[in-house]
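A.B. asks: My structure is stored as target.txt, with compact mmCIF, C-alpha atoms and all ligand atoms.
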# COMPACT_ATOMS: atom_id res chain seq x y z
CA MET D 1 39.59 -2.22 5.51
CA THR D 2 37.07 -2.67 2.72
CA ASN D 3 34.42 0.05 2.39
CA LYS D 4 30.95 -0.96 3.46
CA ILE D 5 28.11 -0.84 0.99
CA ASN D 6 25.06 1.22 1.91
CA SER D 7 21.46 0.97 0.77
CA LEU D 8 20.24 3.20 -2.06
CA ARG D 9 18.93 6.66 -1.18
CA GLY D 10 15.16 6.64 -0.64
CA MET D 11 15.05 2.82 -0.43
CA PRO D 12 14.89 2.03 3.27
CA ASP D 13 15.24 -1.31 4.99
CA PHE D 14 12.47 -2.52 7.27
CA TYR D 15 13.56 -3.96 10.60
CA PRO D 16 11.37 -6.01 12.96
CA GLU D 17 10.48 -2.87 14.94
CA ASP D 18 9.15 -1.35 11.67
CA ILE D 19 7.39 -4.50 10.50
CA ILE D 20 5.45 -4.64 13.76
CA SER D 21 3.34 -1.69 12.62
CA TRP D 22 3.06 -2.96 9.02
CA THR D 23 1.59 -6.40 9.65
CA PRO D 24 -1.65 -5.37 11.42
CA VAL D 25 -2.40 -2.82 8.66
CA GLU D 26 -1.64 -5.28 5.86
CA ASN D 27 -3.80 -7.91 7.57
CA LYS D 28 -6.67 -5.48 8.12
CA LEU D 29 -6.54 -4.35 4.49
CA GLU D 30 -6.63 -7.97 3.31
CA GLU D 31 -9.58 -8.58 5.59
CA ILE D 32 -11.43 -5.58 4.11
CA PHE D 33 -10.61 -6.63 0.51
CA ASN D 34 -11.93 -10.09 1.32
CA SER D 35 -15.08 -8.69 2.85
CA TYR D 36 -15.73 -7.00 -0.53
CA SER D 37 -15.07 -10.28 -2.36
CA ILE D 38 -11.95 -9.05 -4.16
CA ASN D 39 -9.27 -11.54 -5.27
CA GLU D 40 -5.54 -11.05 -5.10
CA ILE D 41 -3.39 -10.71 -8.22
CA ARG D 42 0.43 -10.60 -8.35
CA THR D 43 2.28 -9.19 -11.34
CA PRO D 44 6.04 -8.70 -11.86
CA ILE D 45 7.77 -5.56 -10.58
CA MET D 46 9.41 -5.10 -13.99
CA GLU D 47 7.72 -4.54 -17.35
CA TYR D 48 8.59 -3.20 -20.79
CA THR D 49 9.05 0.59 -20.56
CA ASP D 50 6.50 1.00 -23.37
CA LEU D 51 3.77 -0.24 -21.05
CA TYR D 52 4.19 2.83 -18.85
CA LYS D 53 4.75 5.21 -21.77
CA ARG D 54 1.47 4.14 -23.28
CA SER D 55 -0.59 4.03 -20.08
CA VAL D 56 0.70 6.45 -17.46
CA GLY D 57 1.72 8.68 -20.41
CA ASP D 58 5.07 10.00 -21.56
CA THR D 59 4.08 13.56 -20.66
CA SER D 60 3.36 12.62 -17.04
CA ASP D 61 5.93 13.43 -14.34
CA ILE D 62 6.12 9.73 -13.49
CA VAL D 63 7.33 8.59 -16.92
CA ASN D 64 9.10 11.80 -17.82
CA LYS D 65 11.24 12.23 -14.73
CA GLU D 66 10.72 9.49 -12.20
CA ILE D 67 10.74 6.11 -13.89
CA TYR D 68 13.64 3.71 -13.31
CA SER D 69 14.41 2.45 -16.81
CA PHE D 70 17.39 0.54 -18.12
CA ASN D 71 18.31 -1.69 -21.02
CA ASP D 72 18.68 -5.38 -20.27
CA ARG D 73 21.33 -7.66 -21.80
CA ASN D 74 19.14 -8.01 -24.86
CA ASP D 75 18.99 -4.22 -25.26
CA GLN D 76 15.30 -4.02 -24.45
CA SER D 77 14.13 -1.07 -22.38
CA LEU D 78 12.62 -2.30 -19.11
CA SER D 79 11.26 -0.33 -16.16
CA LEU D 80 10.63 -0.95 -12.50
CA ARG D 81 6.92 -0.43 -11.96
CA PRO D 82 6.07 3.10 -10.81
CA GLU D 83 2.46 2.07 -10.12
CA GLY D 84 0.37 -1.11 -10.20
CA THR D 85 -2.57 -0.56 -12.55
CA ALA D 86 -0.75 -0.74 -15.91
CA GLY D 87 0.77 -4.12 -15.04
CA VAL D 88 -2.57 -5.54 -13.91
CA ILE D 89 -4.30 -4.43 -17.11
CA ARG D 90 -1.43 -5.76 -19.26
CA SER D 91 -1.76 -9.05 -17.44
CA ILE D 92 -5.51 -9.46 -17.80
CA ILE D 93 -5.43 -8.51 -21.49
CA GLU D 94 -2.80 -11.22 -21.97
CA LYS D 95 -5.06 -13.77 -20.27
CA LYS D 96 -8.10 -12.51 -22.23
CA LEU D 97 -9.87 -11.48 -19.05
CA ASP D 98 -10.59 -8.10 -20.63
CA GLN D 99 -13.83 -9.51 -21.96
CA GLN D 100 -15.31 -10.19 -18.55
CA GLN D 101 -15.75 -8.61 -15.17
CA SER D 102 -13.27 -9.14 -12.38
CA LYS D 103 -12.21 -7.60 -9.09
CA PHE D 104 -8.56 -7.63 -8.02
CA TRP D 105 -6.32 -6.34 -5.26
CA TYR D 106 -2.53 -6.26 -5.09
CA MET D 107 0.13 -5.20 -2.64
CA GLY D 108 3.84 -4.59 -3.20
CA PRO D 109 6.76 -2.26 -3.87
CA MET D 110 6.69 0.55 -6.46
CA PHE D 111 9.64 2.64 -7.67
CA ARG D 112 9.88 6.32 -8.51
CA TYR D 113 12.98 8.47 -8.76
CA GLU D 114 11.64 11.29 -6.58
CA ARG D 115 13.46 13.58 -4.16
CA PRO D 116 13.30 11.57 -0.92
CA GLN D 117 11.75 13.25 2.11
CA LYS D 118 9.40 12.27 4.93
CA GLY D 119 6.56 10.29 3.33
CA ARG D 120 8.26 10.20 -0.09
CA TYR D 121 10.59 7.38 -1.06
CA ARG D 122 12.12 5.88 -4.17
CA GLN D 123 10.98 2.41 -3.23
CA PHE D 124 7.60 2.62 -1.54
CA HIS D 125 4.66 0.27 -1.20
CA GLN D 126 1.12 0.38 -2.45
CA ALA D 127 -1.97 -1.73 -1.97
CA GLY D 128 -4.42 -1.31 -4.82
CA ILE D 129 -7.83 -2.39 -6.02
CA GLU D 130 -9.06 -2.69 -9.60
CA LEU D 131 -12.73 -3.25 -10.46
CA LEU D 132 -12.63 -4.31 -14.11
CA GLY D 133 -15.37 -4.42 -16.73
CA PHE D 134 -17.86 -2.29 -14.81
CA GLU D 135 -19.50 0.82 -16.30
CA GLU D 136 -19.73 4.06 -14.37
CA GLY D 137 -22.24 3.73 -11.56
CA LYS D 138 -22.39 0.79 -9.16
CA ALA D 139 -18.65 0.11 -9.16
CA ASP D 140 -17.97 3.76 -8.31
CA PHE D 141 -20.22 3.44 -5.27
CA GLU D 142 -18.61 0.16 -4.23
CA LEU D 143 -15.11 1.65 -4.43
CA ILE D 144 -16.01 4.75 -2.40
CA SER D 145 -17.72 2.46 0.13
CA MET D 146 -14.47 0.53 0.36
CA ILE D 147 -12.45 3.70 0.93
CA CYS D 148 -14.71 4.59 3.87
CA SER D 149 -14.26 1.04 5.24
CA ILE D 150 -10.48 1.43 4.96
CA ILE D 151 -10.46 4.83 6.69
CA ASN D 152 -12.72 3.57 9.48
CA GLY D 153 -11.23 0.06 9.72
CA LEU D 154 -7.72 1.47 10.21
CA LYS D 155 -9.08 4.22 12.47
CA ILE D 156 -7.54 7.05 10.46
CA LYS D 157 -8.31 10.52 11.79
CA ASN D 158 -8.73 13.99 10.29
CA THR D 159 -9.30 12.77 6.75
CA THR D 160 -10.79 14.42 3.68
CA LEU D 161 -11.81 12.38 0.66
CA LYS D 162 -11.88 14.74 -2.32
CA ILE D 163 -13.84 13.61 -5.34
CA ASN D 164 -14.18 15.05 -8.85
CA HIS D 165 -15.34 14.01 -12.31
CA LEU D 166 -13.15 14.52 -15.39
CA GLY D 167 -15.88 13.68 -17.90
CA ASP D 168 -15.02 11.41 -20.82
CA LYS D 169 -12.07 11.59 -23.20
CA GLN D 170 -13.85 14.17 -25.37
CA SER D 171 -14.91 16.48 -22.55
CA LYS D 172 -11.44 16.24 -21.04
CA GLN D 173 -9.99 17.34 -24.40
CA ASP D 174 -12.55 20.14 -24.89
CA PHE D 175 -11.85 21.49 -21.44
CA ALA D 176 -8.08 21.26 -21.90
CA LYS D 177 -8.37 23.24 -25.15
CA GLU D 178 -10.42 25.98 -23.50
CA LEU D 179 -8.03 26.08 -20.54
CA VAL D 180 -4.97 26.46 -22.79
CA SER D 181 -6.59 29.26 -24.72
CA PHE D 182 -7.62 31.05 -21.50
CA LEU D 183 -4.17 30.73 -19.95
CA SER D 184 -2.27 31.79 -23.08
CA SER D 185 -2.55 35.45 -22.05
CA TYR D 186 -1.06 34.71 -18.62
CA LYS D 187 2.05 32.87 -19.82
CA ASP D 188 4.38 35.63 -18.62
CA GLN D 189 3.19 35.05 -15.04
CA MET D 190 3.73 31.29 -15.05
CA ASP D 191 6.75 29.48 -13.69
CA GLU D 192 8.70 26.96 -15.71
CA LYS D 193 6.84 23.97 -14.29
CA ASP D 194 3.38 25.34 -15.12
CA LEU D 195 4.53 26.47 -18.58
CA GLU D 196 5.70 22.95 -19.26
CA ARG D 197 2.38 21.57 -18.05
CA LEU D 198 0.55 24.01 -20.33
CA ASN D 199 2.32 22.46 -23.30
CA THR D 200 2.24 18.83 -22.31
CA ASN D 201 -0.57 18.12 -19.82
CA PRO D 202 -2.65 21.28 -19.29
CA LEU D 203 -5.13 19.77 -16.80
CA ARG D 204 -2.27 19.40 -14.32
CA ILE D 205 -2.15 23.19 -14.02
CA LEU D 206 -5.27 22.95 -11.85
CA ASP D 207 -2.89 21.33 -9.34
CA THR D 208 -0.57 24.35 -9.30
CA LYS D 209 0.98 25.45 -6.00
CA ASP D 210 1.38 29.02 -7.33
CA HIS D 211 -1.18 31.25 -5.53
CA ASN D 212 -1.24 33.83 -8.31
CA ILE D 213 -2.13 31.19 -10.91
CA GLN D 214 -4.68 29.69 -8.52
CA GLU D 215 -6.37 33.15 -8.40
CA ILE D 216 -6.23 33.52 -12.19
CA LEU D 217 -7.78 30.07 -12.62
CA LYS D 218 -10.82 31.14 -10.59
CA SER D 219 -11.97 33.30 -13.49
CA GLY D 220 -11.10 30.66 -16.08
CA PRO D 221 -13.21 27.84 -17.54
CA SER D 222 -14.55 25.33 -15.01
CA LEU D 223 -14.40 21.61 -15.60
CA LYS D 224 -17.86 21.44 -14.06
CA ASP D 225 -19.34 23.13 -17.17
CA PHE D 226 -17.80 20.58 -19.52
CA ILE D 227 -18.96 17.38 -17.90
CA PRO D 228 -22.50 16.06 -18.34
CA ASN D 229 -25.15 16.70 -15.67
CA SER D 230 -25.17 13.01 -14.82
CA ALA D 231 -21.55 13.36 -13.69
CA ASN D 232 -22.33 16.18 -11.27
CA GLU D 233 -25.26 14.10 -9.99
CA LEU D 234 -22.96 11.12 -9.43
CA LEU D 235 -20.63 13.26 -7.30
CA GLU D 236 -23.51 14.61 -5.20
CA ASN D 237 -25.07 11.19 -4.86
CA ILE D 238 -21.80 9.67 -3.64
CA GLN D 239 -21.34 12.49 -1.17
CA SER D 240 -24.86 12.17 0.27
CA THR D 241 -24.69 8.35 0.43
CA PHE D 242 -21.34 8.03 2.24
CA GLY D 243 -20.97 11.46 3.83
CA ASP D 244 -21.88 10.08 7.25
CA LEU D 245 -19.21 7.33 6.99
CA CYS D 246 -16.31 9.51 5.90
CA ASN D 247 -15.67 13.18 5.21
CA ILE D 248 -16.27 13.68 1.45
CA GLU D 249 -15.67 16.95 -0.41
CA ILE D 250 -16.40 17.67 -4.07
CA ASP D 251 -13.34 19.48 -5.48
CA ASN D 252 -13.59 20.53 -9.12
CA ASN D 253 -9.86 21.29 -9.22
CA LEU D 254 -8.82 17.75 -8.37
CA VAL D 255 -7.01 16.24 -11.37
CA ARG D 256 -4.65 13.34 -11.14
CA GLY D 257 -1.22 13.00 -12.66
CA LEU D 258 -1.78 10.05 -14.92
CA ASP D 259 -3.10 10.33 -18.47
CA TYR D 260 -5.46 7.42 -18.29
CA TYR D 261 -8.09 8.79 -15.93
CA THR D 262 -11.60 9.72 -17.12
CA GLY D 263 -14.79 10.02 -15.04
CA LEU D 264 -14.62 9.85 -11.27
CA VAL D 265 -11.27 10.69 -9.62
CA PHE D 266 -10.54 10.93 -5.92
CA GLU D 267 -7.80 11.46 -3.39
CA ALA D 268 -7.81 11.00 0.40
CA THR D 269 -5.66 13.16 2.64
CA SER D 270 -5.13 13.43 6.38
CA SER D 271 -3.93 16.51 8.24
CA ASP D 272 -2.02 14.12 10.52
CA LEU D 273 0.46 13.58 7.66
CA GLY D 274 3.09 16.23 6.86
CA ALA D 275 3.55 17.98 3.53
CA GLN D 276 2.91 14.70 1.67
CA ASP D 277 -0.63 14.39 2.95
CA ALA D 278 -2.28 12.09 0.35
CA PHE D 279 -2.50 8.48 1.45
CA LEU D 280 -4.83 7.12 -1.22
CA GLY D 281 -5.82 8.05 -4.74
CA GLY D 282 -7.44 6.69 -7.84
CA GLY D 283 -10.21 6.96 -10.35
CA ARG D 284 -11.95 5.61 -13.41
CA TYR D 285 -9.85 4.60 -16.40
CA ASP D 286 -12.26 3.40 -19.08
CA ILE D 287 -9.78 4.05 -21.90
CA LEU D 288 -6.74 2.24 -20.50
CA SER D 289 -7.49 -1.26 -21.77
CA GLU D 290 -7.81 -0.01 -25.36
CA MET D 291 -4.66 2.10 -24.97
CA LEU D 292 -2.85 -1.15 -24.17
CA GLY D 293 -4.30 -3.10 -27.09
CA GLY D 294 -7.11 -4.78 -25.15
CA LYS D 295 -10.88 -4.70 -25.57
CA ASP D 296 -12.90 -1.65 -24.62
CA MET D 297 -13.20 -2.26 -20.89
CA PRO D 298 -14.58 0.22 -18.37
CA ALA D 299 -12.73 0.08 -15.05
CA ILE D 300 -12.08 1.92 -11.82
CA GLY D 301 -9.37 1.52 -9.20
CA LEU D 302 -7.41 2.96 -6.33
CA ALA D 303 -3.95 2.83 -4.78
CA ILE D 304 -3.08 3.25 -1.14
CA GLY D 305 0.36 4.50 -0.06
CA LEU D 306 1.29 1.98 2.64
CA GLU D 307 4.12 3.97 4.27
CA ARG D 308 1.75 6.89 4.73
CA ILE D 309 -1.37 4.99 5.80
CA ILE D 310 0.67 2.95 8.31
CA SER D 311 2.04 6.12 9.88
CA ILE D 312 -1.49 7.35 10.67
CA ALA D 313 -3.39 4.09 11.26
CA THR D 314 -4.26 3.75 14.94
CA ILE D 315 -4.92 0.02 15.18
CA SER D 316 -2.65 -1.76 17.64
CA PRO D 317 -0.31 -4.62 16.79
CA SER D 318 -1.51 -8.00 17.97
CA ASN D 319 0.41 -9.41 20.92
CA LYS D 320 1.87 -12.74 19.92
CA LYS D 321 2.31 -15.23 22.75
CA LYS D 322 5.94 -16.07 23.32
CA VAL D 323 7.86 -18.81 25.17
CA ALA D 324 11.56 -19.64 25.44
CA PHE D 325 13.29 -23.00 25.33
CA ILE D 326 16.76 -23.40 26.82
CA THR D 327 19.04 -26.35 27.30
CA SER D 328 21.55 -26.69 30.11
CA THR D 329 23.16 -29.85 28.81
CA SER D 330 26.86 -30.30 28.24
CA ASN D 331 26.36 -31.01 24.53
CA ILE D 332 23.88 -30.02 21.79
CA ALA D 333 20.91 -32.07 23.14
CA PRO D 334 19.21 -33.01 19.85
CA LEU D 335 16.18 -34.10 21.90
CA ALA D 336 15.45 -30.43 22.70
CA PHE D 337 15.00 -29.71 18.98
CA LYS D 338 12.74 -32.71 18.58
CA ILE D 339 10.56 -31.60 21.50
CA ALA D 340 10.45 -27.98 20.29
CA ASN D 341 9.40 -29.23 16.88
CA GLN D 342 6.49 -31.18 18.39
CA LEU D 343 5.41 -28.20 20.48
CA ARG D 344 5.38 -25.88 17.47
CA SER D 345 3.16 -28.33 15.58
CA ALA D 346 0.83 -28.62 18.57
CA ASN D 347 0.17 -24.88 18.68
CA SER D 348 1.53 -22.73 15.88
CA GLU D 349 0.04 -19.56 17.37
CA ILE D 350 2.87 -19.40 19.88
CA SER D 351 6.30 -18.09 19.04
CA LEU D 352 8.89 -20.44 20.57
CA ASP D 353 12.36 -18.94 20.82
CA MET D 354 14.98 -21.68 20.99
CA ASP D 355 18.15 -20.44 22.64
CA LEU D 356 20.98 -21.17 20.21
CA THR D 357 23.82 -19.68 22.24
CA GLU D 358 26.55 -21.33 24.28
CA SER D 359 26.13 -18.99 27.25
CA SER D 360 25.52 -19.88 30.89
CA ILE D 361 22.08 -20.95 32.05
CA LYS D 362 21.84 -17.69 34.05
CA ALA D 363 22.50 -15.59 30.95
CA LYS D 364 20.00 -17.68 28.99
CA LEU D 365 17.32 -17.10 31.61
CA ARG D 366 18.04 -13.38 31.66
CA ARG D 367 17.62 -13.25 27.90
CA ALA D 368 14.37 -15.23 28.03
CA ASN D 369 13.04 -12.75 30.58
CA LYS D 370 13.85 -9.84 28.30
CA THR D 371 11.92 -11.30 25.35
CA ASN D 372 8.59 -11.06 27.17
CA ALA D 373 8.26 -14.83 27.17
CA SER D 374 5.49 -16.08 29.45
CA HIS D 375 7.17 -19.46 30.10
CA VAL D 376 10.59 -20.92 29.76
CA PHE D 377 11.17 -24.65 29.24
CA ILE D 378 14.46 -26.02 30.48
CA LEU D 379 16.06 -29.30 29.47
CA GLY D 380 19.20 -30.40 31.31
CA ASP D 381 21.11 -33.69 31.51
CA GLU D 382 19.13 -34.73 34.59
CA GLU D 383 15.76 -34.01 32.90
CA ILE D 384 16.81 -36.01 29.83
CA ASN D 385 17.62 -38.98 32.08
CA ASN D 386 14.25 -38.71 33.86
CA ASN D 387 12.14 -37.93 30.76
CA LEU D 388 11.09 -34.60 32.20
CA ILE D 389 11.18 -30.91 31.27
CA ILE D 390 11.22 -27.98 33.67
CA VAL D 391 8.51 -25.36 33.16
CA LYS D 392 9.29 -21.99 34.67
CA TYR D 393 6.57 -19.33 34.82
CA LEU D 394 7.98 -15.87 34.08
CA ARG D 395 4.84 -13.74 34.33
CA GLU D 396 2.74 -15.58 36.92
CA ASP D 397 3.34 -16.27 40.57
CA VAL D 398 3.47 -20.05 40.08
CA GLU D 399 6.19 -22.44 41.30
CA GLN D 400 8.24 -24.08 38.56
CA THR D 401 7.25 -27.69 37.80
CA ASN D 402 8.67 -30.78 36.16
CA VAL D 403 6.39 -32.26 33.52
CA SER D 404 6.45 -35.13 31.05
CA LEU D 405 6.50 -34.39 27.30
CA LYS D 406 2.84 -35.37 27.08
CA GLU D 407 1.93 -32.96 29.86
CA LEU D 408 4.04 -30.24 28.26
CA ILE D 409 2.19 -30.59 24.96
CA GLU D 410 -1.16 -30.31 26.78
CA LEU D 411 0.07 -27.23 28.64
CA TYR D 412 1.42 -25.75 25.39
CA LYS D 413 -1.96 -26.05 23.67
CA GLU D 414 -3.55 -24.01 26.48
CA ILE D 415 -1.04 -21.16 26.69
P1 LIG Z 501 -0.33 7.88 -7.05
O1 LIG Z 501 -0.18 6.66 -7.87
O2 LIG Z 501 0.74 8.90 -7.29
O3 LIG Z 501 -1.67 8.45 -6.99
O4 LIG Z 501 -0.03 7.38 -5.56
C1 LIG Z 501 -1.00 6.78 -4.75
C2 LIG Z 501 -0.53 6.89 -3.33
O5 LIG Z 501 0.76 6.28 -3.18
C3 LIG Z 501 -0.32 8.32 -2.86
O6 LIG Z 501 -1.51 8.85 -2.35
C4 LIG Z 501 0.73 8.16 -1.80
O7 LIG Z 501 0.12 7.80 -0.58
C5 LIG Z 501 1.56 6.99 -2.27
N1 LIG Z 501 2.81 7.44 -2.91
C6 LIG Z 501 3.01 7.90 -4.17
N2 LIG Z 501 4.30 8.18 -4.39
C7 LIG Z 501 4.96 7.90 -3.25
C8 LIG Z 501 6.34 7.96 -2.84
N3 LIG Z 501 7.30 8.37 -3.67
N4 LIG Z 501 6.64 7.58 -1.57
C9 LIG Z 501 5.68 7.15 -0.71
N5 LIG Z 501 4.37 7.05 -1.05
C10 LIG Z 501 4.02 7.42 -2.30
Now that the file is in, can you turn its structure into structure tokens?
Ligand code: AMP

C.D. replies:
Amino acid sequence: MTNKINSLRGMPDFYPEDIISWTPVENKLEEIFNSYSINEIRTPIMEYTDLYKRSVGDTSDIVNKEIYSFNDRNDQSLSLRPEGTAGVIRSIIEKKLDQQQSKFWYMGPMFRYERPQKGRYRQFHQAGIELLGFEEGKADFELISMICSIINGLKIKNTTLKINHLGDKQSKQDFAKELVSFLSSYKDQMDEKDLERLNTNPLRILDTKDHNIQEILKSGPSLKDFIPNSANELLENIQSTFGDLCNIEIDNNLVRGLDYYTGLVFEATSSDLGAQDAFLGGGRYDILSEMLGGKDMPAIGLAIGLERIISIATISPSNKKKVAFITSTSNIAPLAFKIANQLRSANSEISLDMDLTESSIKAKLRRANKTNASHVFILGDEEINNNLIIVKYLREDVEQTNVSLKELIELYKEI
């Protein structure tokens, strides 16, 4: 026997019973994006590796350890996208939209070579928003407003939205320098991971899981002292404006893994998730467009982890109306397909399940009953001869009837 081929580790399939909880969340998100007048953009899932090296940064964990890169037949290094922002910015620079303002959303798969566990996959899905060409201020408020709408619209419980401000490129650098000099006398107490961060991306040390280093950091320099007053005011203003809509905390230790963030950064968590408790993150990235060869373009965006948000969203799937169509004729009965086609055009809201098996009428009826169909339409040789169709009610206490095609279409529109 030939060996069967399995899916890749961390890249799950989605079966209908999984999709049933995805669709209502995807639809609700689209509805919210629309209500904020954001347009959809779709970019390829593969780009030149350099795009991610230059944007996400080659010292970041994502590019350093997690990116899926390979050489194509032309020996060019390509990568599966680990996140959505770099591709969107590459795309709008190419179309010269970096000189104007635009608002985009996207949804799709992302790829990171991480150690798979609950809530962490190698192919996962994100929905994201990018507000492009807007200075710090109004757009930051609009994005936080949208996060509260998402949390409330999807009825997500026990959430915390942490916000922080990283200052501009200069203040980020000044702080990093001070932090490195402060931590240099504690190197012997740091683990390998933090030591590496100290050399490559010192701000990430604020994210450390090591309690001893967390304690040491308390007496170290604070990012708060490096950012302008206006930044602290922005954080407080956001908190007081939206605090009654969602639970907002200012957290001066919140840094994010990607190099391109400046200004406001945020992350939403829920205690209903396990160890991987962040379901949304993002921030301002005023320097990214220039890093990618575009015009100086202020921008802010966010990404939502769909697997995680779907696992905690408490909106219910919509119940699609369902009917079954079975034939009890001795041959294929092409007429049945013609009638079913007309019915589907008359009311596309209903899901009509045409029985394609060769089983007995009894077995067909049993199957129709199991599918939660409200009605079953039956076409046999006798009905074909008399131009009639049997309508059997499966969920109501109503006698079965014989109707003409015209009557059936009328009935079908009202189901
Ligand atoms: P990031 O781009 O790392 O800030 O990710 C944004 C969001 O995507 C996170 O808050 C998670 O919800 C989700 N996410 C990131 N990496 C993964 C992964 N490997 N598997 C599932 N979800 C992820």

A.B. asks: If I take CA of Gln126 in chain D and CA of Arg308 in chain D, how far is one from the other in Å, to one decimal?

C.D. replies: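 It comes out at 9.7 Å.
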
A.B. asks: So which residues are near ligand LIG 501 (chain Z), meaning at most 9 Å away with only C-alpha atoms and all ligand atoms counted, given back as an MDAnalysis selection string?

C.D. replies: chainID D and resid 10 62 82:85 110:128 256:258 267:269 276:282 302:309

A.B. asks: Rounded to one decimal, what separation in Å do you get between CA of Ile300 in chain D and CA of Asn237 in chain D?

C.D. replies: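 About the pair CA of Ile300 in chain D and CA of Asn237 in chain D: they are 17.4 Å apart.
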
A.B. asks: With distances taken over all atoms listed in the file, which residue among D:Asn164, D:Ser77, D:Ile248, D:Ser348 lies nearest Ala231 in chain D?

C.D. replies: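 Closest residue, counting all atoms listed in the file: D:Asn164.
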
A.B. asks: Within 9 Å of Phe182 in chain D, counting only C-alpha atoms, which residues qualify if same-chain residues fewer than 3 places away don't, as a PDB file with C-alpha atoms, keeping the file's coordinate frame?

C.D. replies:
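selection_20.pdb, freshly written:
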ATOM      1  CA  LYS D 177      -8.370  23.240 -25.150  1.00  0.00           C
ATOM      2  CA  GLU D 178     -10.420  25.980 -23.500  1.00  0.00           C
ATOM      3  CA  LEU D 179      -8.030  26.080 -20.540  1.00  0.00           C
ATOM      4  CA  SER D 185      -2.550  35.450 -22.050  1.00  0.00           C
ATOM      5  CA  TYR D 186      -1.060  34.710 -18.620  1.00  0.00           C
ATOM      6  CA  LEU D 217      -7.780  30.070 -12.620  1.00  0.00           C
ATOM      7  CA  GLY D 220     -11.100  30.660 -16.080  1.00  0.00           C
ATOM      8  CA  PRO D 221     -13.210  27.840 -17.540  1.00  0.00           C
TER       9      PRO D 221
END

A.B. asks: Would you give the centre and edge lengths, in Å to one decimal, of a box along x, y and z around the listed atoms of range 191-208 of chain D, with 4 Å added to each side, as JSON?

C.D. replies:
{"center_x": 1.7, "center_y": 23.8, "center_z": -16.3, "size_x": 22.0, "size_y": 19.4, "size_z": 22.0}

A.B. asks: By how many Å are CA of Ile205 in chain D and CA of Gly274 in chain D apart?

C.D. replies: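 One can read the CA of Ile205 in chain D to CA of Gly274 in chain D distance as 22.6 Å.
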
A.B. asks: Kindly provide the residues of range 273-367 of chain D that approach range 167-170 of chain D to within 12 Å, each paired with its closest atom pair and their distance in Å to one decimal, based on all atoms listed in the file, listed by chain and increasing number, as a tab-separated table.

C.D. replies:
residue	atom	partner	partner_atom	distance
D:Gly283	CA	D:Gly167	CA	11.6
D:Arg284	CA	D:Asp168	CA	9.9
D:Tyr285	CA	D:Asp168	CA	9.6
D:Asp286	CA	D:Asp168	CA	8.6
D:Ile287	CA	D:Lys169	CA	8.0
D:Leu288	CA	D:Lys169	CA	11.1
D:Pro298	CA	D:Asp168	CA	11.5

A.B. asks: Can you work out which one of D:Ser37, D:Phe141, D:Asp13, D:Ile92 has the shortest atom-to-atom distance to Gly293 in chain D, counting only C-alpha atoms?

C.D. replies: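 When distances to Gly293 in chain D are compared using only C-alpha atoms, the smallest one comes from D:Ile92.
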
A.B. asks: Env of range 24-33 of chain D: 10 Å cut, atoms = all atoms listed in the file, seq-sep filter 6 positions within chain, self excluded. Answer as an mmCIF file with C-alpha atoms, in the frame of the given file.

C.D. replies:
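Heads up, here's the output in out26.cif:
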data_model
loop_
_atom_site.group_PDB
_atom_site.id
_atom_site.type_symbol
_atom_site.label_atom_id
_atom_site.label_comp_id
_atom_site.auth_asym_id
_atom_site.auth_seq_id
_atom_site.Cartn_x
_atom_site.Cartn_y
_atom_site.Cartn_z
ATOM 1 C CA ASN D 39 -9.270 -11.540 -5.270
ATOM 2 C CA GLU D 40 -5.540 -11.050 -5.100
ATOM 3 C CA LYS D 103 -12.210 -7.600 -9.090
ATOM 4 C CA PHE D 104 -8.560 -7.630 -8.020
ATOM 5 C CA TRP D 105 -6.320 -6.340 -5.260
ATOM 6 C CA TYR D 106 -2.530 -6.260 -5.090
ATOM 7 C CA MET D 107 0.130 -5.200 -2.640
ATOM 8 C CA ALA D 127 -1.970 -1.730 -1.970
ATOM 9 C CA GLY D 128 -4.420 -1.310 -4.820
ATOM 10 C CA ILE D 129 -7.830 -2.390 -6.020
ATOM 11 C CA MET D 146 -14.470 0.530 0.360
ATOM 12 C CA ILE D 147 -12.450 3.700 0.930
ATOM 13 C CA SER D 149 -14.260 1.040 5.240
ATOM 14 C CA ILE D 150 -10.480 1.430 4.960
ATOM 15 C CA GLY D 153 -11.230 0.060 9.720
ATOM 16 C CA LEU D 154 -7.720 1.470 10.210
ATOM 17 C CA LEU D 306 1.290 1.980 2.640
ATOM 18 C CA ILE D 309 -1.370 4.990 5.800
ATOM 19 C CA ILE D 310 0.670 2.950 8.310
ATOM 20 C CA ALA D 313 -3.390 4.090 11.260
ATOM 21 C CA THR D 314 -4.260 3.750 14.940
ATOM 22 C CA ILE D 315 -4.920 0.020 15.180
ATOM 23 C CA SER D 316 -2.650 -1.760 17.640
ATOM 24 C CA PRO D 317 -0.310 -4.620 16.790
ATOM 25 C CA SER D 318 -1.510 -8.000 17.970
#
